[in-house]
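To start, the structure under review is shown below, and the notes come after it.
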Amino acid sequence: MAARGEILPYNDYGGAMRRRLGGRVQKLAVDAYLGCPHRPAGSNTGGCTFCLGEAFSPSYCRTRLSITEQIDAALRFHHSRGRRADVYLAYFQAGTNTNAPVDRLRKLYTEALQHPAISGLIIGTRPDCISSEIVNLLAELSHDKYIAIEYGIETTDDNVLRHINRGHDFTAVERAVALTRQHSCIDIGAHIILGLPYETRESIVASIAKINALGIDYIKLHQLQIYHNTPIAEEWQTHPERFLLGDNFGAEQYAALVVDILRRLSPTIAIDRFLARAPRHMLLCSPLAGIDSDTFRRMVINRIRTLNATQGDIL
Ligand code: SF4
């Protein structure tokens with residue numbers, strides 16, 4: 001965490017949200033059990049090669065509870081760990097949270113918004129699973145609540161998207177963001193993975209210009225994590241040379257990559273996180289598993305300051 005009052009050399013999502021919503025914000029992950037159109041239920045095939053669905057659900061989401069029950073459980077979970085916030089947002093994170101008819105989505109989203117603790121929603125989804133009707137619903141809900149949609153972009157490179165069986169190209173991302181942008185009341189987030197097969201340091205850094213051009217409000221960066229029993233785990237074992245973040249890729253190298261990205265990222269885009277943290281037992285490989293988020297964040301801050309740099313200074 002940044003020290004209280006510390007001015008950070010980048011646009012920090014936590015600070016931006018605090019200013020926007022008037023207090024410390026905590027996301028509460030809920031699972032709407034909507035699955036994913038790219039990985040049919042009961043199937044062990046299909047889907048993105050890196051995907052292990054349950055990696056995204058916190059423990060309080062593992063049994064089928066209603067949205068209200070999940071929010072209550074999440075609040076108990078956070079309070080029992082001494083975490084208090086001023087503003088709580090329901091985070092529809094696992095799977096593809098626009099994967100249902102609009103009437104069903106309305107019920108699910110409205111149930112979350114009717115919880116007395118909840119001030120808004122964040123909806124995680126694929127860029128090829130959005131429509132005018134869904135965007136209009138979100139715009140309507142945003143009249144009196146905070147609403148964000150978070151698109152999984154993963155990479156801007158169509159060859160890599162094909163290779164990881166993502167099921168859409170970068171044009172789908174551009175279309176989804178442009179459609180959502182028609183309503184300035186909806187915040188747009190994006191998620192990218194650093195170190196997918198065939199990505200190089202140079203290709204990742206060069207891709208940031210495409211991210212800037214989208215017109216998103218915030219971004220989550222995370223290193224590729226290789227889960228057991230996924231197609232990418234097999235690729236990792238048979239073709240390790242395809243992966244930038246190998247066993248020898250240390251935190252200092254990753255921090256240098258993140259800083260190179262930040263220096264090219266538009267200062268208007270808030271940065272939500274730099275690292276992903278899946279439970280270690282689920283990972284075949286995670287070169288950065290030994291470092292916690294706050295320590296890593298401090299490494300990034302120190303590196304930017306040492307370079308006398310700031311977010312977007314070499315756009
Ligand atoms: S879109 Fe998401 S949930 Fe669906 S297969 Fe890909 S990573 Fe998994």
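Please note that chains go A, B, ... in the order of the structure tokens, that every chain numbers its residues from 1, and that ligands are numbered from 1 in the order shown.
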Neighbouring residues of ligand 1 are defined here as those with any atom at most 8 Å from a ligand atom, counting only C-alpha atoms and all ligand atoms; list them as an mmCIF file with C-alpha atoms, in the first residue's frame.
```cif
data_model
loop_
_atom_site.group_PDB
_atom_site.id
_atom_site.type_symbol
_atom_site.label_atom_id
_atom_site.label_comp_id
_atom_site.auth_asym_id
_atom_site.auth_seq_id
_atom_site.Cartn_x
_atom_site.Cartn_y
_atom_site.Cartn_z
ATOM 1 C CA GLY A 35 -20.558 -19.825 -17.066
ATOM 2 C CA CYS A 36 -18.738 -18.899 -20.209
ATOM 3 C CA PRO A 37 -19.963 -19.168 -23.816
ATOM 4 C CA HIS A 38 -16.433 -20.090 -24.820
ATOM 5 C CA ARG A 39 -16.203 -23.084 -22.473
ATOM 6 C CA GLY A 46 -12.633 -25.453 -25.458
ATOM 7 C CA GLY A 47 -11.967 -22.205 -23.732
ATOM 8 C CA CYS A 48 -8.819 -20.167 -23.472
ATOM 9 C CA THR A 49 -5.751 -22.356 -23.042
ATOM 10 C CA PHE A 50 -4.794 -20.663 -19.752
ATOM 11 C CA CYS A 51 -8.255 -20.838 -18.164
ATOM 12 C CA LEU A 52 -9.054 -22.621 -14.952
ATOM 13 C CA GLY A 53 -12.439 -21.210 -14.020
ATOM 14 C CA ALA A 94 -15.924 -15.374 -12.353
ATOM 15 C CA GLY A 95 -16.806 -16.488 -15.876
ATOM 16 C CA THR A 96 -18.594 -14.250 -18.367
ATOM 17 C CA THR A 125 -16.909 -10.200 -19.344
ATOM 18 C CA ARG A 126 -15.546 -11.117 -22.761
ATOM 19 C CA GLY A 152 -10.793 -9.372 -20.729
ATOM 20 C CA ARG A 166 -9.298 -16.925 -27.124
#
```
ask   = How would you write, as a PyMOL selection string, the set of residues in range 115-307 of chain A that DSSP gives as strand (DSSP E or B)?
value = chain A and resi 118-125+146-154+187-194+218-223+226-227+270-273+283-285
Keeping only N, CA and C atoms, take the residues you just selected and write them out as a compact mmCIF listing (two decimals), in the first residue's frame.
```
# COMPACT_ATOMS: atom_id res chain seq x y z
N ILE A 118 -24.25 -2.13 -0.85
CA ILE A 118 -23.63 -2.05 -2.19
C ILE A 118 -23.91 -0.71 -2.88
N SER A 119 -22.84 -0.11 -3.37
CA SER A 119 -22.95 1.20 -4.04
C SER A 119 -22.73 1.12 -5.55
N GLY A 120 -22.45 -0.07 -6.05
CA GLY A 120 -22.23 -0.15 -7.49
C GLY A 120 -21.78 -1.54 -7.91
N LEU A 121 -21.57 -1.68 -9.21
CA LEU A 121 -21.22 -2.97 -9.79
C LEU A 121 -19.99 -2.87 -10.67
N ILE A 122 -19.24 -3.96 -10.70
CA ILE A 122 -18.22 -4.14 -11.73
C ILE A 122 -18.54 -5.47 -12.41
N ILE A 123 -18.70 -5.42 -13.73
CA ILE A 123 -19.12 -6.60 -14.48
C ILE A 123 -17.97 -7.06 -15.36
N GLY A 124 -17.42 -8.23 -15.06
CA GLY A 124 -16.34 -8.79 -15.87
C GLY A 124 -16.91 -9.62 -17.01
N THR A 125 -16.39 -9.43 -18.22
CA THR A 125 -16.91 -10.20 -19.34
C THR A 125 -15.92 -10.28 -20.50
N TYR A 146 -22.68 3.45 -9.18
CA TYR A 146 -21.45 3.34 -9.95
C TYR A 146 -21.51 2.03 -10.76
N ILE A 147 -21.24 2.10 -12.06
CA ILE A 147 -21.24 0.89 -12.90
C ILE A 147 -19.97 0.87 -13.76
N ALA A 148 -19.28 -0.26 -13.72
CA ALA A 148 -18.12 -0.45 -14.60
C ALA A 148 -18.25 -1.80 -15.29
N ILE A 149 -17.74 -1.85 -16.49
CA ILE A 149 -17.63 -3.13 -17.19
C ILE A 149 -16.15 -3.39 -17.43
N GLU A 150 -15.75 -4.63 -17.20
CA GLU A 150 -14.32 -4.96 -17.28
C GLU A 150 -14.14 -6.01 -18.38
N TYR A 151 -13.48 -5.62 -19.45
CA TYR A 151 -13.28 -6.53 -20.58
C TYR A 151 -11.96 -7.28 -20.45
N GLY A 152 -12.02 -8.58 -20.64
CA GLY A 152 -10.79 -9.37 -20.73
C GLY A 152 -10.22 -9.19 -22.12
N ILE A 153 -9.14 -8.45 -22.21
CA ILE A 153 -8.48 -8.24 -23.51
C ILE A 153 -7.38 -9.28 -23.68
N GLU A 154 -6.62 -9.46 -22.63
CA GLU A 154 -5.49 -10.42 -22.52
C GLU A 154 -4.29 -10.02 -23.37
N ASP A 187 -18.01 3.17 -16.55
CA ASP A 187 -16.54 3.07 -16.58
C ASP A 187 -16.13 1.81 -17.34
N ILE A 188 -15.01 1.89 -18.02
CA ILE A 188 -14.53 0.73 -18.77
C ILE A 188 -13.16 0.32 -18.26
N GLY A 189 -13.09 -0.94 -17.81
CA GLY A 189 -11.81 -1.50 -17.38
C GLY A 189 -11.34 -2.54 -18.38
N ALA A 190 -10.06 -2.86 -18.30
CA ALA A 190 -9.51 -3.89 -19.17
C ALA A 190 -8.51 -4.71 -18.38
N HIS A 191 -8.39 -5.95 -18.81
CA HIS A 191 -7.51 -6.89 -18.14
C HIS A 191 -6.54 -7.41 -19.18
N ILE A 192 -5.24 -7.32 -18.92
CA ILE A 192 -4.31 -7.95 -19.86
C ILE A 192 -3.33 -8.85 -19.10
N ILE A 193 -2.90 -9.88 -19.81
CA ILE A 193 -1.96 -10.85 -19.25
C ILE A 193 -0.60 -10.60 -19.91
N LEU A 194 0.43 -10.55 -19.11
CA LEU A 194 1.78 -10.30 -19.63
C LEU A 194 2.54 -11.61 -19.69
N TYR A 218 -9.57 2.24 -16.80
CA TYR A 218 -8.59 1.61 -15.91
C TYR A 218 -8.13 0.27 -16.47
N ILE A 219 -7.01 -0.20 -15.94
CA ILE A 219 -6.44 -1.45 -16.46
C ILE A 219 -5.91 -2.30 -15.31
N LYS A 220 -6.01 -3.59 -15.51
CA LYS A 220 -5.37 -4.55 -14.60
C LYS A 220 -4.30 -5.28 -15.39
N LEU A 221 -3.10 -5.29 -14.89
CA LEU A 221 -2.02 -6.05 -15.52
C LEU A 221 -1.77 -7.26 -14.66
N HIS A 222 -1.56 -8.40 -15.28
CA HIS A 222 -0.98 -9.46 -14.46
C HIS A 222 -0.12 -10.41 -15.25
N GLN A 223 0.82 -10.98 -14.53
CA GLN A 223 1.74 -11.93 -15.15
C GLN A 223 1.00 -13.21 -15.49
N ILE A 226 0.50 -20.20 -14.73
CA ILE A 226 0.22 -21.48 -15.40
C ILE A 226 -0.45 -22.41 -14.40
N TYR A 227 -1.72 -22.66 -14.62
CA TYR A 227 -2.45 -23.58 -13.74
C TYR A 227 -2.25 -25.01 -14.17
N ALA A 270 -6.25 4.59 -15.09
CA ALA A 270 -5.85 4.20 -13.72
C ALA A 270 -5.37 2.75 -13.72
N ILE A 271 -4.42 2.47 -12.85
CA ILE A 271 -3.86 1.10 -12.81
C ILE A 271 -4.35 0.40 -11.56
N ASP A 272 -5.08 -0.67 -11.80
CA ASP A 272 -5.70 -1.39 -10.68
C ASP A 272 -4.70 -2.33 -10.01
N ARG A 273 -3.92 -3.05 -10.79
CA ARG A 273 -2.96 -3.95 -10.15
C ARG A 273 -1.88 -4.36 -11.14
N LEU A 283 -0.98 -23.78 -9.05
CA LEU A 283 -0.07 -23.33 -10.11
C LEU A 283 1.02 -24.35 -10.40
N LEU A 284 1.17 -24.62 -11.68
CA LEU A 284 2.32 -25.42 -12.11
C LEU A 284 3.56 -24.54 -12.05
N CYS A 285 3.37 -23.30 -12.44
CA CYS A 285 4.49 -22.37 -12.45
C CYS A 285 3.99 -20.97 -12.21
```
task = Please provide the set of residues having any atom within 8 Å of Ser207 in chain A, restricted to only C-alpha atoms, with same-chain residues fewer than 2 positions apart removed, written as a count of residues only.
result = 9
Distance query Phe296 in chain A at most 9 Å, only C-alpha atoms, self and fewer than 6 positions along chain excluded, as a ChimeraX atom specification = /A:251-252,255,274-275
Write to file, as a PDB file, in the first residue's frame, the residues of the selection just made, with N, CA and C atoms.
```
ATOM      1  N   ALA A 251      11.436 -10.913  -9.993  1.00  0.00           N
ATOM      2  CA  ALA A 251      10.602  -9.742  -9.702  1.00  0.00           C
ATOM      3  C   ALA A 251      11.225  -8.457 -10.259  1.00  0.00           C
ATOM      4  N   GLU A 252      12.541  -8.351 -10.219  1.00  0.00           N
ATOM      5  CA  GLU A 252      13.189  -7.131 -10.740  1.00  0.00           C
ATOM      6  C   GLU A 252      12.930  -6.994 -12.240  1.00  0.00           C
ATOM      7  N   ALA A 255       9.339  -6.019 -12.708  1.00  0.00           N
ATOM      8  CA  ALA A 255       9.149  -4.597 -12.352  1.00  0.00           C
ATOM      9  C   ALA A 255       9.647  -3.706 -13.490  1.00  0.00           C
ATOM     10  N   PHE A 274      -0.794  -4.882 -10.586  1.00  0.00           N
ATOM     11  CA  PHE A 274       0.352  -5.300 -11.391  1.00  0.00           C
ATOM     12  C   PHE A 274       0.544  -6.810 -11.378  1.00  0.00           C
ATOM     13  N   LEU A 275       0.038  -7.452 -10.353  1.00  0.00           N
ATOM     14  CA  LEU A 275       0.333  -8.874 -10.115  1.00  0.00           C
ATOM     15  C   LEU A 275      -0.951  -9.636  -9.867  1.00  0.00           C
TER      16      LEU A 275
END
```
task = Name the residues in contact with Leu141 in chain A at a cut-off of 10 Å, using only C-alpha atoms, excluding same-chain residues fewer than 2 positions from it; report them as JSON, numbers by chain.
result = {"A": [106, 109, 110, 113, 120, 121, 135, 136, 137, 138, 139, 143, 144, 145, 146, 147, 185, 186]}
task = May I ask which of the residues A:Asp169, A:Glu241, A:Asp31, A:Asp128 is the closest one to Thr200 in chain A, counting only C-alpha atoms?
result =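 Of all the options, A:Glu241 lies closest to Thr200 in chain A.
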key: Which residue of A:Ile134, A:Ala74, A:Ala117, A:Val25 approaches Leu105 in chain A most closely, using only C-alpha atoms   =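 The shortest atom-to-atom distance to Leu105 in chain A comes from A:Ile134.
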key: Of the listed residues A:Pro279, A:Pro267, A:Gly215, A:Gly167, that which approaches Ala16 in chain A most closely, counting only C-alpha atoms   =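 Of A:Pro279, A:Pro267, A:Gly215, A:Gly167, the one nearest Ala16 in chain A is A:Pro267, counting only C-alpha atoms.
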inquiry  = Excluding Arg303 in chain A and its own-chain neighbours fewer than 6 positions away, which residues fall within 12 Å of it when counting only C-alpha atoms? Please give them as number ranges by chain.
reply    = A: 8-10, 251-260, 262-263, 296-297, 309-310
